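Next comes target.cif, a file with mmCIF, C-alpha atoms.
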data_upload
#
loop_
_atom_site.group_PDB
_atom_site.id
_atom_site.type_symbol
_atom_site.label_atom_id
_atom_site.label_comp_id
_atom_site.auth_asym_id
_atom_site.auth_seq_id
_atom_site.Cartn_x
_atom_site.Cartn_y
_atom_site.Cartn_z
ATOM 1 C CA MET A 193 0.000 0.000 0.000
ATOM 2 C CA LYS A 194 1.080 3.581 -0.665
ATOM 3 C CA ILE A 195 -0.080 6.791 0.947
ATOM 4 C CA SER A 196 0.739 9.865 -1.127
ATOM 5 C CA LEU A 197 0.508 13.408 0.204
ATOM 6 C CA GLN A 198 0.448 16.101 -2.471
ATOM 7 C CA ASN A 199 0.913 19.704 -1.305
ATOM 8 C CA ALA A 200 -1.015 18.757 1.806
ATOM 9 C CA GLY A 201 -1.847 21.284 4.484
ATOM 10 C CA LYS A 202 -3.964 21.672 7.593
ATOM 11 C CA ARG A 203 -4.935 24.830 9.393
ATOM 12 C CA TYR A 204 -7.092 25.780 12.348
ATOM 13 C CA ASN A 205 -8.549 29.231 11.862
ATOM 14 C CA ARG A 206 -5.626 31.260 10.468
ATOM 15 C CA ASP A 207 -2.841 29.089 11.875
ATOM 16 C CA TRP A 208 -1.234 26.543 9.572
ATOM 17 C CA ILE A 209 -0.285 23.337 11.378
ATOM 18 C CA PHE A 210 1.596 22.092 8.311
ATOM 19 C CA ARG A 211 1.649 23.136 4.687
ATOM 20 C CA ASN A 212 3.153 22.250 1.282
ATOM 21 C CA LEU A 213 3.819 18.678 2.401
ATOM 22 C CA THR A 214 4.511 16.314 -0.478
ATOM 23 C CA PHE A 215 5.633 12.838 0.543
ATOM 24 C CA GLU A 216 5.009 9.176 -0.246
ATOM 25 C CA PHE A 217 4.771 6.458 2.385
ATOM 26 C CA SER A 218 5.021 2.914 1.036
ATOM 27 C CA ALA A 219 4.890 -0.591 2.465
ATOM 28 C CA PRO A 220 6.957 -2.190 3.715
ATOM 29 C CA GLY A 221 8.604 0.712 5.476
ATOM 30 C CA ALA A 222 8.839 2.596 8.763
ATOM 31 C CA TYR A 223 8.546 6.377 9.030
ATOM 32 C CA ALA A 224 8.631 8.803 11.937
ATOM 33 C CA ILE A 225 6.917 12.173 12.261
ATOM 34 C CA THR A 226 8.832 14.201 14.820
ATOM 35 C CA GLY A 227 8.695 17.672 16.354
ATOM 36 C CA LEU A 228 8.199 19.604 19.543
ATOM 37 C CA ASN A 229 5.111 19.181 21.698
ATOM 38 C CA GLY A 230 2.204 20.969 20.067
ATOM 39 C CA SER A 231 3.966 21.192 16.701
ATOM 40 C CA GLY A 232 1.320 19.214 14.806
ATOM 41 C CA LYS A 233 2.667 15.639 14.734
ATOM 42 C CA SER A 234 -0.593 14.132 15.951
ATOM 43 C CA THR A 235 -2.648 16.323 13.642
ATOM 44 C CA LEU A 236 -0.709 15.056 10.619
ATOM 45 C CA LEU A 237 -1.158 11.450 11.757
ATOM 46 C CA GLN A 238 -4.902 12.031 12.237
ATOM 47 C CA CYS A 239 -5.107 13.500 8.729
ATOM 48 C CA ILE A 240 -3.367 10.413 7.369
ATOM 49 C CA ALA A 241 -5.826 8.238 9.311
ATOM 50 C CA GLY A 242 -8.743 10.208 7.878
ATOM 51 C CA SER A 243 -10.116 11.169 11.280
ATOM 52 C CA VAL A 244 -9.261 14.848 10.689
ATOM 53 C CA LEU A 245 -9.962 16.527 7.353
ATOM 54 C CA HIS A 246 -7.027 18.310 5.721
ATOM 55 C CA SER A 247 -7.412 21.894 4.503
ATOM 56 C CA GLU A 248 -5.584 21.753 1.176
ATOM 57 C CA GLY A 249 -3.814 19.337 -1.129
ATOM 58 C CA LYS A 250 -4.505 15.628 -1.549
ATOM 59 C CA PHE A 251 -4.157 12.428 0.464
ATOM 60 C CA LEU A 252 -4.176 9.444 -1.912
ATOM 61 C CA TYR A 253 -4.294 5.799 -0.799
ATOM 62 C CA THR A 254 -3.207 3.205 -3.350
ATOM 63 C CA VAL A 255 -3.809 -0.526 -2.980
ATOM 64 C CA ALA A 256 -2.640 -2.885 -5.760
ATOM 65 C CA ASP A 257 -2.111 0.102 -8.082
ATOM 66 C CA LYS A 258 -5.673 1.348 -7.547
ATOM 67 C CA ILE A 259 -6.698 4.360 -5.494
ATOM 68 C CA THR A 260 -9.164 3.394 -2.773
ATOM 69 C CA GLU A 261 -11.931 5.613 -1.409
ATOM 70 C CA ARG A 262 -12.115 3.484 1.751
ATOM 71 C CA PRO A 263 -8.644 3.834 3.298
ATOM 72 C CA HIS A 264 -9.901 3.139 6.828
ATOM 73 C CA GLU A 265 -10.279 -0.533 5.874
ATOM 74 C CA TYR A 266 -6.497 -0.760 5.480
ATOM 75 C CA LEU A 267 -5.432 1.182 8.573
ATOM 76 C CA SER A 268 -5.059 0.359 12.251
ATOM 77 C CA ILE A 269 -4.123 2.946 14.852
ATOM 78 C CA ALA A 270 -3.117 3.286 18.500
ATOM 79 C CA THR A 271 -3.129 6.683 20.210
ATOM 80 C CA PRO A 272 -3.222 7.975 23.806
ATOM 81 C CA TYR A 273 -6.502 9.773 23.060
ATOM 82 C CA MET A 274 -8.242 6.706 21.592
ATOM 83 C CA GLU A 275 -11.185 5.772 23.800
ATOM 84 C CA LEU A 276 -11.939 2.249 24.975
ATOM 85 C CA VAL A 277 -15.392 1.054 26.052
ATOM 86 C CA GLU A 278 -14.683 0.898 29.758
ATOM 87 C CA GLU A 279 -17.801 -1.097 30.617
ATOM 88 C CA MET A 280 -16.447 -3.977 28.527
ATOM 89 C CA THR A 281 -13.932 -6.573 29.607
ATOM 90 C CA ALA A 282 -10.714 -6.992 27.639
ATOM 91 C CA ILE A 283 -12.139 -10.050 25.866
ATOM 92 C CA GLU A 284 -15.339 -8.186 25.017
ATOM 93 C CA MET A 285 -13.348 -5.224 23.688
ATOM 94 C CA LEU A 286 -11.409 -7.467 21.313
ATOM 95 C CA GLN A 287 -14.617 -9.177 20.220
ATOM 96 C CA PHE A 288 -16.180 -5.780 19.545
ATOM 97 C CA HIS A 289 -13.059 -4.705 17.614
ATOM 98 C CA ARG A 290 -13.485 -7.768 15.378
ATOM 99 C CA LYS A 291 -16.689 -6.215 14.027
ATOM 100 C CA PHE A 292 -14.489 -3.633 12.308
ATOM 101 C CA LYS A 293 -11.142 -5.357 11.750
ATOM 102 C CA THR A 294 -9.964 -8.911 11.186
ATOM 103 C CA LEU A 295 -7.573 -9.982 13.934
ATOM 104 C CA ILE A 296 -4.749 -12.389 13.126
ATOM 105 C CA ALA A 297 -4.949 -14.423 16.341
ATOM 106 C CA SER A 298 -7.438 -15.561 18.964
ATOM 107 C CA ASN A 299 -8.464 -13.176 21.716
ATOM 108 C CA GLU A 300 -6.738 -15.348 24.284
ATOM 109 C CA HIS A 301 -3.466 -15.416 22.346
ATOM 110 C CA ILE A 302 -3.511 -11.652 21.805
ATOM 111 C CA LEU A 303 -4.050 -10.923 25.495
ATOM 112 C CA SER A 304 -1.294 -13.346 26.394
ATOM 113 C CA GLU A 305 1.089 -11.607 23.969
ATOM 114 C CA VAL A 306 0.561 -8.258 25.731
ATOM 115 C CA ALA A 307 0.568 -9.756 29.252
ATOM 116 C CA LEU A 308 -3.137 -9.116 29.879
ATOM 117 C CA HIS A 309 -4.271 -12.755 30.021
ATOM 118 C CA ASN A 310 -4.907 -12.519 33.766
ATOM 119 C CA ALA A 311 -7.181 -9.526 33.172
ATOM 120 C CA ALA A 312 -9.204 -11.015 30.321
ATOM 121 C CA GLN A 313 -12.503 -10.902 32.237
ATOM 122 C CA LYS A 314 -11.789 -7.632 34.030
ATOM 123 C CA GLN A 315 -13.705 -4.499 33.084
ATOM 124 C CA ILE A 316 -11.478 -1.969 31.375
ATOM 125 C CA ARG A 317 -12.600 0.743 33.822
ATOM 126 C CA TYR A 318 -10.454 -1.034 36.423
ATOM 127 C CA PHE A 319 -7.357 -1.170 34.222
ATOM 128 C CA SER A 320 -4.337 0.972 34.975
ATOM 129 C CA SER A 321 -3.293 3.467 32.292
ATOM 130 C CA GLY A 322 -0.486 1.103 31.286
ATOM 131 C CA MET A 323 -2.871 -1.824 30.897
ATOM 132 C CA LYS A 324 -5.156 0.292 28.721
ATOM 133 C CA GLN A 325 -2.219 1.231 26.521
ATOM 134 C CA ARG A 326 -1.227 -2.437 26.147
ATOM 135 C CA LEU A 327 -4.775 -3.221 25.002
ATOM 136 C CA LYS A 328 -4.733 -0.363 22.482
ATOM 137 C CA LEU A 329 -1.423 -1.632 21.089
ATOM 138 C CA ALA A 330 -2.811 -5.174 20.917
ATOM 139 C CA MET A 331 -5.816 -4.031 18.892
ATOM 140 C CA ALA A 332 -3.575 -2.141 16.461
ATOM 141 C CA PHE A 333 -0.716 -4.624 16.046
ATOM 142 C CA PHE A 334 -2.921 -7.693 15.668
ATOM 143 C CA SER A 335 -5.311 -6.143 13.153
ATOM 144 C CA ASP A 336 -4.870 -7.620 9.701
ATOM 145 C CA THR A 337 -4.108 -4.312 7.967
ATOM 146 C CA PRO A 338 -1.140 -3.244 5.820
ATOM 147 C CA VAL A 339 -0.817 0.119 7.592
ATOM 148 C CA LEU A 340 -0.068 0.697 11.282
ATOM 149 C CA LEU A 341 -0.297 4.230 12.709
ATOM 150 C CA LEU A 342 1.168 4.891 16.157
ATOM 151 C CA ASP A 343 0.970 8.125 18.139
ATOM 152 C CA GLU A 344 3.328 8.244 21.140
ATOM 153 C CA PRO A 345 2.971 4.466 21.523
ATOM 154 C CA VAL A 346 4.822 3.997 24.827
ATOM 155 C CA THR A 347 2.679 6.535 26.685
ATOM 156 C CA ASN A 348 1.942 5.222 30.221
ATOM 157 C CA LEU A 349 4.101 2.106 29.719
ATOM 158 C CA ASP A 350 6.676 0.988 32.275
ATOM 159 C CA LYS A 351 10.007 -0.626 31.360
ATOM 160 C CA GLU A 352 8.379 -3.992 30.718
ATOM 161 C CA GLY A 353 5.719 -2.348 28.595
ATOM 162 C CA ILE A 354 8.323 -0.532 26.514
ATOM 163 C CA LYS A 355 10.172 -3.817 26.049
ATOM 164 C CA LEU A 356 6.878 -5.361 24.901
ATOM 165 C CA TYR A 357 6.394 -2.538 22.383
ATOM 166 C CA HIS A 358 9.831 -3.154 20.900
ATOM 167 C CA SER A 359 9.036 -6.866 20.672
ATOM 168 C CA LEU A 360 5.760 -6.177 18.856
ATOM 169 C CA ILE A 361 7.589 -3.934 16.386
ATOM 170 C CA ALA A 362 10.220 -6.596 15.727
ATOM 171 C CA THR A 363 7.702 -9.420 15.370
ATOM 172 C CA HIS A 364 4.656 -7.955 13.623
ATOM 173 C CA THR A 365 5.680 -5.126 11.274
ATOM 174 C CA ALA A 366 8.089 -6.594 8.699
ATOM 175 C CA GLN A 367 5.629 -6.293 5.812
ATOM 176 C CA LYS A 368 3.651 -3.298 7.060
ATOM 177 C CA LEU A 369 3.750 0.415 6.470
ATOM 178 C CA VAL A 370 4.401 1.875 9.928
ATOM 179 C CA ILE A 371 4.130 5.587 10.721
ATOM 180 C CA VAL A 372 5.060 6.748 14.229
ATOM 181 C CA SER A 373 4.308 10.214 15.586
ATOM 182 C CA SER A 374 6.727 10.941 18.426
ATOM 183 C CA ASN A 375 9.532 13.085 19.798
ATOM 184 C CA ASP A 376 10.940 10.164 21.824
ATOM 185 C CA GLU A 377 13.589 8.209 19.935
ATOM 186 C CA GLN A 378 12.860 4.964 21.784
ATOM 187 C CA GLU A 379 9.461 4.987 20.057
ATOM 188 C CA TYR A 380 10.806 5.405 16.513
ATOM 189 C CA HIS A 381 14.437 4.213 16.598
ATOM 190 C CA PHE A 382 13.642 1.561 13.956
ATOM 191 C CA CYS A 383 12.283 4.093 11.435
ATOM 192 C CA LYS A 384 14.401 4.596 8.332
ATOM 193 C CA GLU A 385 12.896 7.932 7.283
ATOM 194 C CA ILE A 386 12.033 10.915 9.460
ATOM 195 C CA ILE A 387 9.712 13.824 8.718
ATOM 196 C CA GLN A 388 10.383 16.953 10.745
ATOM 197 C CA ILE A 389 7.012 18.674 11.031
ATOM 198 C CA ALA A 390 8.788 22.026 11.515
ATOM 199 C CA ASP A 391 9.993 21.805 7.903
ATOM 200 C CA TYR A 392 6.420 22.225 6.681
ATOM 201 C CA LYS A 393 5.246 25.323 8.520
#

Represent the structure from my file as structure tokens, please.
Amino acid sequence: MKISLQNAGKRYNRDWIFRNLTFEFSAPGAYAITGLNGSGKSTLLQCIAGSVLHSEGKFLYTVADKITERPHEYLSIATPYMELVEEMTAIEMLQFHRKFKTLIASNEHILSEVALHNAAQKQIRYFSSGMKQRLKLAMAFFSDTPVLLLDEPVTNLDKEGIKLYHSLIATHTAQKLVIVSSNDEQEYHFCKEIIQIADYK
């Protein structure tokens, strides 16, 4: 899959978050979007995900040499601001997620991979912030999609959680297009290309 940005820009009121951005992301490959806090990294990632509408230019999504009008079917995402249904248990959340994405493993295996197997029947409202982040990563990494979008992926994770993140990257992204929004090198150290958001102001 390829994601092509052509003279892309986003503004809020009169303030441009980014502008004149032309770039092509292609799978397999790993890319980082970096910049200071509040510089617009997350906004660019949300525009790529289609959850925020850009202000100018084009975002084109190509699958098997054909442009698709349904890019969300090919994307999975994990962000700190992504909401979980806290009344659900972890198992129920994964089952609900399956209504939108195909998962590549059983619910039990996925929870075991992210060290949440002992909390499978626990309501998410009782999860720690780190446990919630592990579940968000599980939903993104184990979705059968060619594109993986990650915004500050180790937010709320302890040392073991960060180690888990690195393991998921090493094990599950070889053939994917991965785009990481972060200013923390431990989150994007594996990325071969880096976009500095400040270059497109």

### Task
Compile the contact shell of Gln287 (chain A) as a list in words: residues with an atom at most 12 Å away, counting all atoms listed in the file, same-chain residues fewer than 3 positions apart removed.
Val277, Met280, Thr281, Ala282, Ile283, Glu284, Arg290, Lys291, Phe292, Lys293, Thr294, Leu295, Ala297, Ser298, Asn299, Glu300, Ile302, Leu303, Ala312 and Met331 of chain A

### Task
Between CA of Gly232 (chain A) and CA of Trp208 (chain A), measure the distance and give it in Å to one decimal.
9.4 Å

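Selection result for the displayed file, with the PyMOL selection byres ((chain A and resi 374) around 10) as criterion, is Ala224, Ile225, Thr226, Gly227, Leu228, Asn229, Lys233, Ser234, Leu342, Asp343, Glu344, Pro345, Val346, Ile371, Val372, Ser373, Asn375, Asp376, Glu377, Gln378, Glu379 and Tyr380 of chain A.
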
Could those residues be written to a file, using C-alpha atoms, as a short mmCIF file (atom, residue, chain, number, x, y, z; two decimals), keeping the file's coordinate frame?
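Final output, part-v6.cif:
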data_model
loop_
_atom_site.label_atom_id
_atom_site.label_comp_id
_atom_site.auth_asym_id
_atom_site.auth_seq_id
_atom_site.Cartn_x
_atom_site.Cartn_y
_atom_site.Cartn_z
CA ALA A 224 8.63 8.80 11.94
CA ILE A 225 6.92 12.17 12.26
CA THR A 226 8.83 14.20 14.82
CA GLY A 227 8.70 17.67 16.35
CA LEU A 228 8.20 19.60 19.54
CA ASN A 229 5.11 19.18 21.70
CA LYS A 233 2.67 15.64 14.73
CA SER A 234 -0.59 14.13 15.95
CA LEU A 342 1.17 4.89 16.16
CA ASP A 343 0.97 8.12 18.14
CA GLU A 344 3.33 8.24 21.14
CA PRO A 345 2.97 4.47 21.52
CA VAL A 346 4.82 4.00 24.83
CA ILE A 371 4.13 5.59 10.72
CA VAL A 372 5.06 6.75 14.23
CA SER A 373 4.31 10.21 15.59
CA ASN A 375 9.53 13.08 19.80
CA ASP A 376 10.94 10.16 21.82
CA GLU A 377 13.59 8.21 19.93
CA GLN A 378 12.86 4.96 21.78
CA GLU A 379 9.46 4.99 20.06
CA TYR A 380 10.81 5.40 16.51
#

### Query
If the PyMOL selection byres ((chain A and resi 265) around 12) is run on the structure shown, which residues does it catch, given as a list of chain:residue names?
A:Met193, A:Ala241, A:Gly242, A:Tyr253, A:Val255, A:Thr260, A:Glu261, A:Arg262, A:Pro263, A:His264, A:Tyr266, A:Leu267, A:Ser268, A:Ile269, A:Lys291, A:Phe292, A:Lys293, A:Thr294, A:Ser335, A:Asp336, A:Thr337, A:Pro338, A:Val339, A:Leu340

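Proximity ranking of A:Gly322, A:Tyr392, A:Val306, A:Ile195 relative to Pro220 (chain A) places A:Ile195 first, based on all atoms listed in the file.
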
### Message
To one decimal place in Å, what is the distance between CA of Ile389 (chain A) and CA of Phe210 (chain A)?
### Response
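CA of Phe210 (chain A) lies 7.0 Å from CA of Ile389 (chain A).
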
### Task
Please indicate the distance in Å from CA of Phe382 (chain A) to CA of Leu356 (chain A), rounded to one decimal place.
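These atoms are spaced 14.6 Å apart.
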
### Query
Gly221 (chain A): which residues within 10 Å, counting only C-alpha atoms, same-chain residues fewer than 3 positions away excluded, as an MDAnalysis selection string?
chainID A and resid 217:218 339 365:371 382:385

Using all atoms listed in the file, determine which residues lie at most 9 Å from Cys239 (chain A), disregarding the query and same-chain residues fewer than 5 positions distant; provide the list as a PDB file with C-alpha atoms, in the coordinates of the input.
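The resulting file, part_29.pdb, is shown below:
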ATOM      1  CA  LYS A 202      -3.964  21.672   7.593  1.00  0.00           C
ATOM      2  CA  SER A 234      -0.593  14.132  15.951  1.00  0.00           C
ATOM      3  CA  VAL A 244      -9.261  14.848  10.689  1.00  0.00           C
ATOM      4  CA  LEU A 245      -9.962  16.527   7.353  1.00  0.00           C
ATOM      5  CA  HIS A 246      -7.027  18.310   5.721  1.00  0.00           C
ATOM      6  CA  PHE A 251      -4.157  12.428   0.464  1.00  0.00           C
TER       7      PHE A 251
END

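Proximity to Ser304 (chain A) was assessed for A:Ile316, A:Leu236, A:Ala330, A:Ile387 counting only C-alpha atoms; the smallest distance is recorded for A:Ala330.
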
Mind giving me the axis-aligned box for region 271-278 of chain A with 4 Å on every side, centre plus edges in Å to one decimal, as AutoDock Vina command-line options?
--center_x -9.3 --center_y 5.3 --center_z 25.0 --size_x 20.3 --size_y 16.9 --size_z 17.5

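Residues near the point (-7.9, -5.4, 20.1), at a distance of 7 Å or less over only C-alpha atoms, make up Met285, Leu286, His289, Leu327, Lys328, Ala330, Met331 and Ala332 of chain A.
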